[in-house]
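Participant: Enclosed is the structure file input_29.cif (mmCIF, C-alpha atoms).
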```
data_protein
loop_
_atom_site.label_atom_id
_atom_site.label_comp_id
_atom_site.auth_asym_id
_atom_site.auth_seq_id
_atom_site.Cartn_x
_atom_site.Cartn_y
_atom_site.Cartn_z
CA MET T 1 29.57 7.56 13.21
CA THR T 2 26.09 7.29 14.73
CA ALA T 3 24.69 9.59 12.04
CA LEU T 4 26.34 7.55 9.28
CA LEU T 5 25.00 4.28 10.70
CA TYR T 6 21.51 5.79 10.95
CA LEU T 7 21.83 6.84 7.30
CA ALA T 8 22.78 3.28 6.34
CA SER T 9 19.74 1.87 8.14
CA SER T 10 17.52 4.41 6.38
CA VAL T 11 18.95 3.37 3.02
CA ALA T 12 18.07 -0.23 3.94
CA PHE T 13 14.45 0.86 4.44
CA ILE T 14 14.37 2.41 0.98
CA VAL T 15 16.08 -0.52 -0.76
CA GLY T 16 13.81 -2.98 1.06
CA LEU T 17 10.67 -1.10 0.04
CA ARG T 18 11.87 -0.94 -3.56
CA ARG T 19 12.40 -4.70 -3.66
CA LEU T 20 8.92 -5.29 -2.25
CA GLY T 21 7.63 -4.08 -5.64
CA GLY T 22 8.29 -7.47 -7.30
CA PRO T 23 7.23 -10.96 -6.19
CA ARG T 24 10.65 -12.48 -6.85
CA THR T 25 12.48 -9.91 -4.72
CA ALA T 26 9.83 -9.29 -2.04
CA ARG T 27 11.17 -11.73 0.57
CA ASN T 28 14.69 -10.41 0.19
CA GLY T 29 13.38 -6.84 0.42
CA ASN T 30 11.54 -7.68 3.62
CA ARG T 31 14.75 -9.05 5.13
CA ILE T 32 16.77 -6.00 4.11
CA ALA T 33 14.22 -3.61 5.66
CA ALA T 34 14.07 -5.73 8.83
CA LEU T 35 17.86 -5.68 9.14
CA GLY T 36 17.78 -1.90 8.69
CA MET T 37 15.28 -1.61 11.55
CA LEU T 38 17.34 -3.94 13.74
CA ALA T 39 20.44 -1.87 13.03
CA ALA T 40 18.57 1.34 13.94
CA LEU T 41 17.44 -0.19 17.24
CA VAL T 42 20.94 -1.42 18.15
CA ILE T 43 22.50 1.94 17.26
CA THR T 44 19.96 3.75 19.43
CA LEU T 45 20.47 1.45 22.40
CA VAL T 46 24.26 1.74 22.19
CA SER T 47 24.43 5.49 21.58
CA GLN T 48 21.81 6.58 24.14
CA ASP T 49 22.07 6.60 27.91
CA ILE T 50 19.53 3.89 28.72
CA LEU T 51 18.77 3.87 32.45
CA HIS T 52 16.56 0.80 32.64
CA TRP T 53 18.14 -1.95 30.55
CA GLY T 54 16.00 -4.56 32.26
CA THR T 55 12.84 -2.86 31.02
CA VAL T 56 14.26 -2.67 27.50
CA ALA T 57 15.27 -6.34 27.54
CA ALA T 58 11.85 -7.37 28.85
CA GLY T 59 10.11 -5.37 26.13
CA LEU T 60 12.29 -6.96 23.42
CA ALA T 61 11.64 -10.44 24.81
CA VAL T 62 7.86 -9.98 24.99
CA GLY T 63 7.72 -8.42 21.53
CA THR T 64 9.84 -11.18 20.01
CA LEU T 65 7.71 -13.93 21.55
CA LEU T 66 4.43 -12.32 20.47
CA GLY T 67 5.72 -11.61 16.97
CA GLY T 68 7.03 -15.14 16.55
CA TRP T 69 3.79 -16.64 17.84
CA ALA T 70 1.72 -14.49 15.49
CA ALA T 71 3.88 -15.31 12.48
CA VAL T 72 3.50 -19.05 13.07
CA ARG T 73 -0.08 -19.30 14.31
CA VAL T 74 -2.11 -16.65 12.48
CA LYS T 75 -3.92 -18.07 9.44
CA MET T 76 -3.99 -16.34 6.08
CA THR T 77 -7.69 -15.60 6.57
CA ALA T 78 -6.80 -13.66 9.72
CA MET T 79 -3.89 -11.77 8.17
CA PRO T 80 -5.97 -8.60 7.59
CA GLN T 81 -6.86 -8.54 11.29
CA MET T 82 -3.20 -8.88 12.22
CA VAL T 83 -2.23 -6.05 9.88
CA ALA T 84 -4.95 -3.88 11.44
CA ALA T 85 -3.61 -4.71 14.90
CA PHE T 86 -0.06 -3.85 13.84
CA ASN T 87 -1.29 -0.52 12.48
CA GLY T 88 -3.02 0.17 15.78
CA PHE T 89 0.02 -0.68 17.88
CA GLY T 90 2.21 1.49 15.65
CA GLY T 91 -0.17 4.41 16.09
CA ILE T 92 -0.39 4.14 19.87
CA ALA T 93 3.41 3.76 20.13
CA SER T 94 3.82 7.10 18.35
CA ALA T 95 1.20 8.73 20.58
CA LEU T 96 2.96 7.38 23.67
CA VAL T 97 6.26 8.88 22.51
CA ALA T 98 4.54 12.27 22.36
CA GLY T 99 2.98 11.65 25.77
CA ALA T 100 6.36 10.76 27.28
CA GLU T 101 7.79 14.02 25.95
CA VAL T 102 4.97 15.93 27.64
CA LEU T 103 5.52 14.14 30.96
CA GLU T 104 9.29 14.58 30.95
CA GLY T 105 9.55 18.24 29.95
CA ASP T 106 7.89 21.63 30.13
CA LEU T 107 5.87 22.29 26.97
CA ALA T 108 6.26 26.02 27.45
CA LEU T 109 10.04 25.67 26.92
CA LEU T 110 9.84 23.63 23.74
CA PRO T 111 10.11 25.26 20.29
CA PRO T 112 6.89 25.58 18.23
CA GLU T 113 7.98 23.03 15.62
CA THR T 114 8.43 20.38 18.35
CA LEU T 115 5.04 21.22 19.84
CA VAL T 116 3.42 20.84 16.42
CA SER T 117 5.08 17.42 16.06
CA ILE T 118 3.88 16.37 19.52
CA ALA T 119 0.28 17.36 18.75
CA VAL T 120 0.28 15.75 15.30
CA SER T 121 1.84 12.52 16.61
CA ALA T 122 -0.72 12.28 19.39
CA VAL T 123 -3.73 12.98 17.17
CA ILE T 124 -2.80 10.71 14.25
CA GLY T 125 -1.51 7.99 16.55
CA ALA T 126 -4.67 7.93 18.69
CA ILE T 127 -6.99 7.97 15.67
CA THR T 128 -5.00 5.15 14.08
CA PHE T 129 -5.06 3.08 17.26
CA ALA T 130 -8.80 3.38 17.84
CA GLY T 131 -9.74 3.05 14.16
CA SER T 132 -7.49 0.03 13.62
CA PHE T 133 -9.03 -1.95 16.44
CA ILE T 134 -12.54 -1.12 15.26
CA ALA T 135 -11.45 -2.47 11.86
CA PHE T 136 -9.99 -5.51 13.65
CA GLY T 137 -13.30 -6.09 15.43
CA LYS T 138 -15.30 -5.87 12.20
CA LEU T 139 -13.02 -8.29 10.36
CA GLN T 140 -12.84 -10.71 13.29
CA GLY T 141 -16.62 -10.74 13.70
CA VAL T 142 -16.47 -9.30 17.21
CA LEU T 143 -18.28 -6.22 15.88
CA PRO T 144 -20.96 -6.16 13.14
CA GLY T 145 -19.37 -5.86 9.70
CA SER T 146 -22.20 -3.67 8.39
CA PRO T 147 -21.95 0.14 8.63
CA PHE T 148 -23.15 1.67 11.89
CA LEU T 149 -24.90 4.96 11.16
CA PHE T 150 -26.85 7.38 13.34
CA PRO T 151 -28.39 10.83 12.74
CA GLY T 152 -25.93 13.71 12.91
CA GLN T 153 -22.93 11.41 12.70
CA ARG T 154 -21.01 13.52 10.19
CA ILE T 155 -21.79 16.71 12.07
CA LEU T 156 -20.50 15.15 15.28
CA ASN T 157 -17.32 13.95 13.59
CA GLY T 158 -16.77 17.38 12.08
CA ALA T 159 -17.30 19.07 15.44
CA LEU T 160 -14.82 16.67 17.04
CA ALA T 161 -12.25 17.41 14.36
CA VAL T 162 -12.62 21.17 14.84
CA THR T 163 -12.38 20.77 18.63
CA ILE T 164 -9.22 18.69 18.25
CA ILE T 165 -7.68 21.39 16.08
CA GLY T 166 -8.57 23.94 18.74
CA PHE T 167 -6.87 21.98 21.51
CA GLY T 168 -3.91 21.39 19.20
CA ILE T 169 -3.53 25.14 18.76
CA SER T 170 -3.66 25.49 22.55
CA VAL T 171 -0.83 22.98 22.89
CA VAL T 172 1.34 24.81 20.34
CA VAL T 173 0.59 28.40 21.35
CA ALA T 174 0.17 28.10 25.14
CA GLY T 175 2.14 24.92 25.85
CA ASP T 176 -0.81 23.61 27.86
CA ASP T 177 -0.37 20.06 29.19
CA THR T 178 -4.08 19.60 29.90
CA SER T 179 -4.96 20.47 26.31
CA PHE T 180 -2.62 17.72 25.13
CA TRP T 181 -4.39 15.00 27.13
CA VAL T 182 -7.85 16.23 26.11
CA LEU T 183 -6.69 16.30 22.50
CA GLY T 184 -5.53 12.68 22.74
CA GLY T 185 -8.81 11.53 24.30
CA LEU T 186 -10.90 13.25 21.65
CA ALA T 187 -8.72 11.72 18.93
CA LEU T 188 -9.45 8.24 20.29
CA ILE T 189 -13.20 8.95 20.13
CA LEU T 190 -12.87 10.30 16.57
CA GLY T 191 -10.96 7.16 15.54
CA VAL T 192 -13.88 5.02 16.68
CA LEU T 193 -16.56 7.21 15.09
CA ALA T 194 -14.65 7.48 11.81
CA VAL T 195 -14.50 3.71 11.21
CA ILE T 196 -17.82 2.39 12.55
CA PRO T 197 -19.80 3.77 9.56
CA ILE T 198 -17.58 1.87 7.09
CA GLY T 199 -18.76 -1.57 5.96
CA GLY T 200 -16.80 -4.79 5.64
CA ALA T 201 -16.54 -4.47 1.86
CA ASP T 202 -14.34 -1.40 2.30
CA MET T 203 -12.12 -2.73 5.09
CA PRO T 204 -9.15 -3.40 2.75
CA VAL T 205 -9.09 0.30 1.85
CA VAL T 206 -9.46 1.31 5.50
CA ILE T 207 -6.59 -0.96 6.54
CA SER T 208 -4.38 0.53 3.84
CA LEU T 209 -5.28 4.09 4.90
CA LEU T 210 -4.67 3.31 8.58
CA ASN T 211 -1.33 1.81 7.62
CA SER T 212 -0.46 5.12 5.98
CA LEU T 213 -1.58 7.04 9.07
CA SER T 214 0.55 4.84 11.34
CA GLY T 215 3.55 5.79 9.20
CA LEU T 216 2.73 9.49 9.41
CA ALA T 217 2.37 9.20 13.19
CA ALA T 218 5.77 7.53 13.37
CA ALA T 219 7.33 10.28 11.24
CA ALA T 220 5.83 12.92 13.55
CA ALA T 221 7.21 11.04 16.56
CA GLY T 222 10.59 11.05 14.82
CA PHE T 223 10.50 14.84 14.75
CA VAL T 224 9.61 14.87 18.45
CA ILE T 225 12.68 12.86 19.49
CA GLU T 226 14.85 14.01 16.56
CA SER T 227 15.29 10.53 15.07
CA ASN T 228 16.09 10.60 11.36
CA PRO T 229 15.52 6.84 10.79
CA LEU T 230 12.07 7.13 12.39
CA ILE T 231 11.24 10.13 10.22
CA ILE T 232 12.37 8.40 7.03
CA GLY T 233 10.79 5.04 7.87
CA GLY T 234 7.51 6.67 8.85
CA ALA T 235 7.45 8.80 5.72
CA LEU T 236 8.03 5.72 3.53
CA VAL T 237 5.19 3.83 5.19
CA GLY T 238 2.92 6.87 5.00
CA ALA T 239 3.58 7.49 1.31
CA ALA T 240 3.40 3.84 0.27
CA GLY T 241 0.18 3.29 2.19
CA LEU T 242 -1.45 6.36 0.69
CA ILE T 243 -0.47 5.37 -2.85
CA LEU T 244 -1.90 1.90 -2.31
CA THR T 245 -5.09 3.37 -0.85
CA PHE T 246 -5.72 5.47 -3.95
CA GLN T 247 -4.88 2.54 -6.24
CA MET T 248 -7.50 0.44 -4.47
CA THR T 249 -10.19 3.11 -4.62
CA GLU T 250 -9.43 3.50 -8.31
CA ALA T 251 -9.82 -0.28 -8.74
CA MET T 252 -13.26 0.06 -7.12
CA ASN T 253 -14.15 3.14 -9.21
CA ARG T 254 -14.83 5.12 -6.06
CA SER T 255 -13.31 8.07 -4.29
CA LEU T 256 -11.68 7.89 -0.88
CA ALA T 257 -14.36 10.25 0.44
CA ASN T 258 -17.05 7.85 -0.79
CA VAL T 259 -15.36 4.95 1.01
CA LEU T 260 -15.08 6.88 4.26
CA PHE T 261 -18.44 8.65 4.34
CA ALA T 262 -20.94 6.84 2.10
CA GLY T 263 -21.82 3.96 4.46
CA PHE T 264 -21.37 1.50 1.59
CA GLY T 265 -22.65 -2.02 2.27
CA VAL T 266 -25.55 -1.02 4.46
CA GLY T 267 -27.70 -3.57 2.70
CA GLY T 268 -27.15 -3.30 -1.00
CA ALA T 269 -29.62 -0.47 -1.46
CA GLY T 270 -30.10 0.22 -5.11
CA GLY T 271 -28.99 -3.27 -6.11
CA PRO T 272 -31.11 -6.33 -6.85
CA ALA T 273 -32.32 -8.54 -4.06
CA VAL T 274 -30.81 -11.98 -3.67
CA MET T 275 -32.55 -14.20 -6.17
CA GLU T 276 -32.01 -17.63 -4.63
CA ASP T 277 -35.31 -18.90 -6.09
CA ARG T 278 -33.99 -18.53 -9.62
CA PRO T 279 -32.72 -21.71 -11.26
CA VAL T 280 -29.00 -22.34 -11.57
CA HIS T 281 -26.97 -25.01 -13.34
CA ARG T 282 -25.60 -27.18 -10.56
CA ALA T 283 -22.35 -29.01 -11.19
CA THR T 284 -20.76 -32.19 -9.82
CA PRO T 285 -17.03 -32.97 -9.64
CA GLU T 286 -17.45 -35.03 -12.81
CA ASP T 287 -19.06 -32.08 -14.64
CA VAL T 288 -16.17 -29.84 -13.64
CA ALA T 289 -13.60 -32.44 -14.67
CA ILE T 290 -15.18 -32.91 -18.10
CA ALA T 291 -15.38 -29.15 -18.75
CA LEU T 292 -11.75 -28.67 -17.76
CA SER T 293 -10.49 -31.67 -19.74
CA TYR T 294 -11.94 -30.34 -23.01
CA ALA T 295 -10.41 -26.88 -22.53
CA ASP T 296 -7.25 -25.56 -24.14
CA SER T 297 -6.99 -22.61 -21.73
CA VAL T 298 -8.19 -22.17 -18.14
CA MET T 299 -8.27 -18.99 -16.05
CA ILE T 300 -8.55 -19.42 -12.27
CA VAL T 301 -10.04 -16.48 -10.33
CA PRO T 302 -9.29 -16.77 -6.59
CA GLY T 303 -11.29 -14.96 -3.91
CA TYR T 304 -11.78 -14.85 -0.17
CA GLY T 305 -13.48 -18.25 -0.23
CA LEU T 306 -10.17 -19.77 -1.33
CA ALA T 307 -8.51 -18.30 1.76
CA VAL T 308 -11.29 -19.42 4.12
CA ALA T 309 -11.04 -23.02 2.88
CA GLN T 310 -7.22 -22.94 2.78
CA ALA T 311 -7.53 -24.32 -0.74
CA GLN T 312 -4.38 -22.81 -2.25
CA HIS T 313 -2.56 -26.16 -2.37
CA ALA T 314 -5.59 -27.91 -3.82
CA VAL T 315 -5.90 -25.36 -6.61
CA ARG T 316 -2.19 -25.71 -7.36
CA SER T 317 -2.53 -29.51 -7.60
CA LEU T 318 -5.48 -29.16 -9.98
CA ALA T 319 -3.55 -26.67 -12.12
CA ASP T 320 -0.54 -29.00 -12.27
CA GLU T 321 -2.77 -31.83 -13.51
CA LEU T 322 -4.23 -29.57 -16.21
CA GLU T 323 -0.78 -28.45 -17.33
CA GLU T 324 0.39 -32.04 -17.60
CA ALA T 325 -2.49 -32.54 -20.04
CA GLY T 326 -1.24 -29.62 -22.15
CA ILE T 327 -3.82 -27.09 -20.93
CA THR T 328 -2.66 -23.51 -20.39
CA VAL T 329 -3.43 -22.22 -16.87
CA HIS T 330 -3.33 -18.66 -15.55
CA TYR T 331 -4.63 -16.93 -12.43
CA ALA T 332 -6.54 -13.64 -12.64
CA ILE T 333 -5.92 -11.44 -9.56
CA HIS T 334 -8.29 -8.53 -9.01
CA PRO T 335 -6.78 -5.64 -6.99
CA VAL T 336 -9.41 -5.90 -4.24
CA ALA T 337 -9.89 -9.67 -4.16
CA GLY T 338 -9.78 -10.96 -0.60
CA ARG T 339 -9.68 -8.78 2.48
CA MET T 340 -6.39 -6.96 2.08
CA PRO T 341 -4.09 -5.74 -0.70
CA GLY T 342 -2.12 -8.63 -2.17
CA HIS T 343 -4.11 -11.23 -0.18
CA MET T 344 -4.47 -13.61 -3.13
CA ASN T 345 -0.87 -13.15 -4.29
CA VAL T 346 0.48 -14.13 -0.87
CA LEU T 347 -1.93 -17.04 -0.60
CA LEU T 348 -0.90 -18.49 -3.97
CA ALA T 349 2.78 -17.86 -3.26
CA GLU T 350 2.34 -20.07 -0.20
CA ALA T 351 1.49 -22.90 -2.61
CA ASP T 352 4.47 -22.03 -4.86
CA VAL T 353 2.30 -21.02 -7.80
CA PRO T 354 4.69 -19.70 -10.51
CA TYR T 355 4.73 -15.91 -10.58
CA GLU T 356 4.47 -15.93 -14.37
CA GLN T 357 0.98 -17.42 -14.13
CA LEU T 358 -0.37 -14.57 -11.96
CA LEU T 359 -2.07 -11.91 -14.07
CA ASP T 360 -3.46 -8.64 -12.76
CA LEU T 361 -6.77 -7.18 -13.91
CA GLU T 362 -5.34 -5.34 -16.91
CA GLN T 363 -3.46 -8.43 -18.10
CA ALA T 364 -6.16 -11.01 -17.48
CA ASP T 365 -9.32 -9.29 -18.68
CA PRO T 366 -8.34 -9.01 -22.39
CA ARG T 367 -7.62 -12.76 -22.43
CA LEU T 368 -11.02 -13.81 -21.13
CA PRO T 369 -12.88 -13.85 -24.49
CA GLN T 370 -10.28 -16.35 -25.75
CA THR T 371 -10.39 -18.45 -22.56
CA ASP T 372 -12.27 -21.74 -22.70
CA VAL T 373 -13.05 -22.15 -18.99
CA VAL T 374 -12.93 -19.74 -16.07
CA LEU T 375 -12.79 -21.41 -12.66
CA ILE T 376 -13.91 -19.00 -9.91
CA VAL T 377 -12.98 -20.09 -6.40
CA GLY T 378 -14.68 -18.00 -3.74
CA ALA T 379 -14.75 -14.67 -5.63
CA ASN T 380 -17.99 -12.72 -5.99
CA ASP T 381 -18.11 -8.93 -6.29
CA VAL T 382 -15.00 -8.73 -8.50
CA VAL T 383 -16.75 -10.84 -11.18
CA ASN T 384 -20.24 -9.36 -10.84
CA PRO T 385 -21.48 -8.12 -14.26
CA SER T 386 -23.82 -5.66 -12.49
CA ALA T 387 -20.81 -3.40 -12.18
CA ARG T 388 -20.81 -3.21 -15.96
CA ASP T 389 -24.50 -3.52 -16.90
CA ASP T 390 -26.68 -2.19 -14.06
CA PRO T 391 -26.55 1.59 -13.43
CA SER T 392 -28.68 1.13 -10.29
CA SER T 393 -26.13 -1.19 -8.68
CA PRO T 394 -23.99 0.27 -5.88
CA ILE T 395 -20.88 -1.22 -7.54
CA TYR T 396 -21.73 0.16 -11.01
CA GLY T 397 -18.58 1.37 -12.74
CA MET T 398 -16.22 -0.76 -10.67
CA PRO T 399 -13.63 -2.47 -12.91
CA ILE T 400 -14.31 -6.22 -12.87
CA LEU T 401 -13.03 -9.38 -14.48
CA ASN T 402 -15.51 -9.94 -17.33
CA VAL T 403 -15.56 -13.70 -16.85
CA ASP T 404 -18.95 -14.05 -18.55
CA ARG T 405 -17.17 -13.41 -21.86
CA ALA T 406 -15.26 -16.70 -21.57
CA GLY T 407 -16.55 -19.93 -23.11
CA ARG T 408 -17.60 -21.55 -19.84
CA VAL T 409 -17.72 -20.36 -16.22
CA ILE T 410 -17.48 -22.63 -13.18
CA VAL T 411 -18.18 -21.04 -9.79
CA VAL T 412 -17.10 -22.86 -6.65
CA LYS T 413 -19.06 -21.41 -3.75
CA ARG T 414 -20.84 -22.61 -0.62
CA SER T 415 -24.15 -20.94 -1.51
CA LEU T 416 -25.78 -18.13 -3.47
CA SER T 417 -25.12 -15.67 -0.63
CA PRO T 418 -23.92 -12.21 -1.72
CA GLY T 419 -20.36 -10.95 -1.32
CA PHE T 420 -19.06 -8.11 0.82
CA ALA T 421 -21.06 -5.58 -1.18
CA GLY T 422 -24.29 -7.27 -0.06
CA ILE T 423 -25.78 -7.62 -3.57
CA ASP T 424 -26.72 -10.55 -5.76
CA ASN T 425 -24.59 -11.68 -8.71
CA PRO T 426 -26.41 -12.29 -12.03
CA LEU T 427 -23.41 -14.33 -13.18
CA PHE T 428 -24.66 -17.24 -11.08
CA TYR T 429 -27.79 -17.54 -13.24
CA ASN T 430 -26.04 -17.16 -16.60
CA GLU T 431 -26.63 -19.97 -19.13
CA LYS T 432 -22.90 -20.64 -19.45
CA THR T 433 -22.30 -20.77 -15.67
CA MET T 434 -22.09 -23.96 -13.64
CA MET T 435 -22.44 -23.62 -9.86
CA PHE T 436 -20.50 -26.10 -7.73
CA PHE T 437 -21.83 -25.68 -4.18
CA ALA T 438 -19.19 -26.99 -1.79
CA ASP T 439 -16.24 -26.09 0.40
CA ALA T 440 -13.54 -24.84 -1.97
CA ARG T 441 -10.84 -27.31 -0.94
CA GLU T 442 -13.17 -30.31 -1.04
CA ALA T 443 -14.57 -29.20 -4.39
CA LEU T 444 -11.12 -28.85 -5.94
CA GLU T 445 -9.86 -32.13 -4.51
CA ASP T 446 -12.96 -34.01 -5.72
CA SER T 447 -12.66 -32.40 -9.17
CA LEU T 448 -8.99 -33.42 -9.35
CA THR T 449 -9.92 -37.01 -8.46
CA ALA T 450 -12.60 -37.04 -11.15
CA LEU T 451 -10.17 -35.54 -13.68
CA LYS T 452 -7.63 -38.27 -13.07
CA GLN T 453 -10.30 -40.93 -13.62
CA LEU T 454 -11.30 -39.67 -17.08
#
```
Hey, can you dump this file as structure tokens for me?
Facilitator:
Amino acid sequence: MTALLYLASSVAFIVGLRRLGGPRTARNGNRIAALGMLAALVITLVSQDILHWGTVAAGLAVGTLLGGWAAVRVKMTAMPQMVAAFNGFGGIASALVAGAEVLEGDLALLPPETLVSIAVSAVIGAITFAGSFIAFGKLQGVLPGSPFLFPGQRILNGALAVTIIGFGISVVVAGDDTSFWVLGGLALILGVLAVIPIGGADMPVVISLLNSLSGLAAAAAGFVIESNPLIIGGALVGAAGLILTFQMTEAMNRSLANVLFAGFGVGGAGGPAVMEDRPVHRATPEDVAIALSYADSVMIVPGYGLAVAQAQHAVRSLADELEEAGITVHYAIHPVAGRMPGHMNVLLAEADVPYEQLLDLEQADPRLPQTDVVLIVGANDVVNPSARDDPSSPIYGMPILNVDRAGRVIVVKRSLSPGFAGIDNPLFYNEKTMMFFADAREALEDSLTALKQL
């Protein structure tokens, strides 16, 4: 019966993940997967001989309170940091499972396949833990977001990796406890050194990769304690995270190796300097309102600035006003807009923007030449024509939304500062571009007021 119930919970993981593939079914899929995990926990607690129920109850209470607090209090702008933290906690939990197995038993008596699982769980879990909290620090601003590079860094990382493999072999072949603890310590150091040379522009990819690694660590821990639900759940997370990672690197026209080792974002080397002394066409709320009122079709391009200003409800109100006037409104969502995969989709869903209006890059870009006005709210690198026109640019070849092919472009931005890539955007100085320098929410609210007064 226990095996059958575990199988049912595993099926819930798979069904839940499948339903996460569509915006209409995502919430329901999340609930199904959560119920599957709850069922797996209850089955384990009932079927196993738990000696310290008080400890288990205390852990559940603390976890529930922290999870509930985070769900209510954490802002959308801080969601990437929370995901990074979750990845880190998942990784260290898997490493601790391996450590508990080492403390409780004699490694020399365990079969080789279990020893391999213990070593793999410890290494991946420790790397994920350390790397995730470095990513957290960069996104939170506790650590510098720019890449941290020093001479011989790759050689040192390579030497650490080889040394870790050596201690892992010692754990498997000799059953040496000391080698296990050294291996875990070195993995923590490697996790730090592997993420510090990666810039803020690439943090969404890093978070996705670390999410995959946390799943692989969990699957390895499942082999250690012979838990099929943990193996299946970890494998699903690992596979899904890896697929998403490669989709994002493809959307940036870069390889995963380039993201991890190139030190991208160190200062925009190869790209143009920021050209703030060049003239731009400044816009007022009235200018924006007039341009929108004469349009038949409007494409809204959200970016991280929308999340920072919490302007999702303001943009929805403006879109509703345009639709009441008979203007067609769509939203163009670039795969790497924001600071995490799906950041803009979740943000707009919070404002109940109809799913049918959300277009991905492949759907939105062909419509731009027939679009009268593009309204860019806080996006930068994903609309930078240098990726298309300037071979010397570090983002050259990256698929972008070609907004400069629309009839009129309105950019809502606080200043001419560059985006995560650290390079200037020639779009800002284009003849058809109007720059509205203001907080995104205030700009949209003022434009809506002006539109109603026309």
Participant: For the PyMOL selection byres ((chain T and resi 406) around 12), applied here, can you spell out every residue it catches as JSON, numbers by chain?
Facilitator: {"T": [295, 297, 298, 299, 300, 364, 365, 366, 367, 368, 369, 370, 371, 372, 373, 374, 375, 376, 401, 402, 403, 404, 405, 407, 408, 409, 410, 427, 430, 432, 433]}
Participant: Between T:Ile118, T:Val315, T:Val336, T:Leu38, which one has atoms that come closest to Ala351 of chain T, using only C-alpha atoms?
Facilitator: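 Under the stated criterion, the closest residue is T:Val315.
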Participant: Calculated over all atoms listed in the file, which of the candidates T:Val83, T:Ile333, T:Ile395, T:Leu193 has the smallest distance to Arg254 of chain T?
Facilitator: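 Once distances to Arg254 of chain T are computed over all atoms listed in the file, the minimum belongs to T:Ile395.
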Participant: Starting from the shown file, work through the PyMOL selection byres ((chain T and resi 327) around 12) and note down what comes out as a list in words.
Facilitator: Ala291, Leu292, Ser293, Tyr294, Ala295, Asp296, Ser297, Val298, Met299, Leu318, Ala319, Asp320, Glu321, Leu322, Glu323, Glu324, Ala325, Gly326, Thr328, Val329, His330, Thr371, Asp372 and Val373 of chain T
Participant: My list of candidates is T:Asn425, T:Thr77, T:Ser212, T:Ser117. Which is closest to Leu347 of chain T when distances are computed with all atoms listed in the file?
Facilitator: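 The shortest atom-to-atom distance to Leu347 of chain T comes from T:Thr77.
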Participant: May I ask which of the residues T:Ile198, T:Ala8, T:Ile231, T:Leu188 is the closest one to Asn258 of chain T, counting all atoms listed in the file?
Facilitator: T:Ile198
Participant: Do a neighbour search on Glu286 of chain T at 8 Å with all atoms listed in the file, toss out local chain neighbours closer than 3 positions, and write the hits as a ChimeraX atom specification.
Facilitator: /T:283,289-290,447,450-451
Participant: So that I can check the surroundings of Phe261 of chain T, please list as a ChimeraX atom specification every protein, DNA and RNA residue that reaches within 9 Å of it, counting only C-alpha atoms and ignoring chain neighbours fewer than 4 positions away.
Facilitator: /T:154,194,197-198,256-257
Participant: Pick from T:Gly59, T:Pro80, T:Gly184, T:Gly125: nearest to Ala217 of chain T, with only C-alpha atoms counted?
Facilitator: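 The closest residue to Ala217 of chain T is T:Gly125.
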Participant: Pick the closest to Pro147 of chain T from T:Leu17, T:Ala12, T:Gln357, T:Met203: which is it, counting all atoms listed in the file?
Facilitator: T:Met203
Participant: Quick one, how far is atom CA of Ala100 of chain T from atom CA of Ala119 of chain T?
Facilitator: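 Spanning atom CA of Ala100 of chain T to atom CA of Ala119 of chain T is a straight-line distance of 12.4 Å.
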Participant: Step by step, work through what the PyMOL selection byres ((chain T and resi 429) around 12) selects in the shown file, and finish by giving those residues as a PyMOL selection string.
Facilitator: chain T and resi 274-282+384-385+404+409-411+416+424-428+430-435
Participant: Could you tell me how far atom CA of Ala349 of chain T sits from atom CA of Leu444 of chain T, in Å to one decimal place?
Facilitator: 17.9 Å
Participant: I'd like the box whose edges run along x, y and z of the file and which contains every listed atom of segment 96-99 of chain T, padded by 8 Å per side; could you state its centre and edge lengths in Å, one decimal, as AutoDock Vina command-line options?
Facilitator:
```
--center_x 4.6 --center_y 9.8 --center_z 24.1 --size_x 19.3 --size_y 20.9 --size_z 19.4
```
Participant: Quick one: residues within 9 Å of Leu216 of chain T, only C-alpha atoms counted, chain neighbours fewer than 5 positions away excluded, as a ChimeraX atom specification?
Facilitator: /T:91,120-121,124-125,211,221,231,234-239
Participant: Would you output that residue set with C-alpha atoms, as a short mmCIF file (atom, residue, chain, number, x, y, z; two decimals), in the coordinates of the input?
Facilitator:
```cif
data_model
loop_
_atom_site.label_atom_id
_atom_site.label_comp_id
_atom_site.auth_asym_id
_atom_site.auth_seq_id
_atom_site.Cartn_x
_atom_site.Cartn_y
_atom_site.Cartn_z
CA GLY T 91 -0.17 4.41 16.09
CA VAL T 120 0.28 15.75 15.30
CA SER T 121 1.84 12.52 16.61
CA ILE T 124 -2.80 10.71 14.25
CA GLY T 125 -1.51 7.99 16.55
CA ASN T 211 -1.33 1.81 7.62
CA ALA T 221 7.21 11.04 16.56
CA ILE T 231 11.24 10.13 10.22
CA GLY T 234 7.51 6.67 8.85
CA ALA T 235 7.45 8.80 5.72
CA LEU T 236 8.03 5.72 3.53
CA VAL T 237 5.19 3.83 5.19
CA GLY T 238 2.92 6.87 5.00
CA ALA T 239 3.58 7.49 1.31
#
```
Participant: Atom CA of Phe129 of chain T and atom CA of Leu210 of chain T, how far apart in Å?
Facilitator: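 Interatomic distance here is 8.7 Å.
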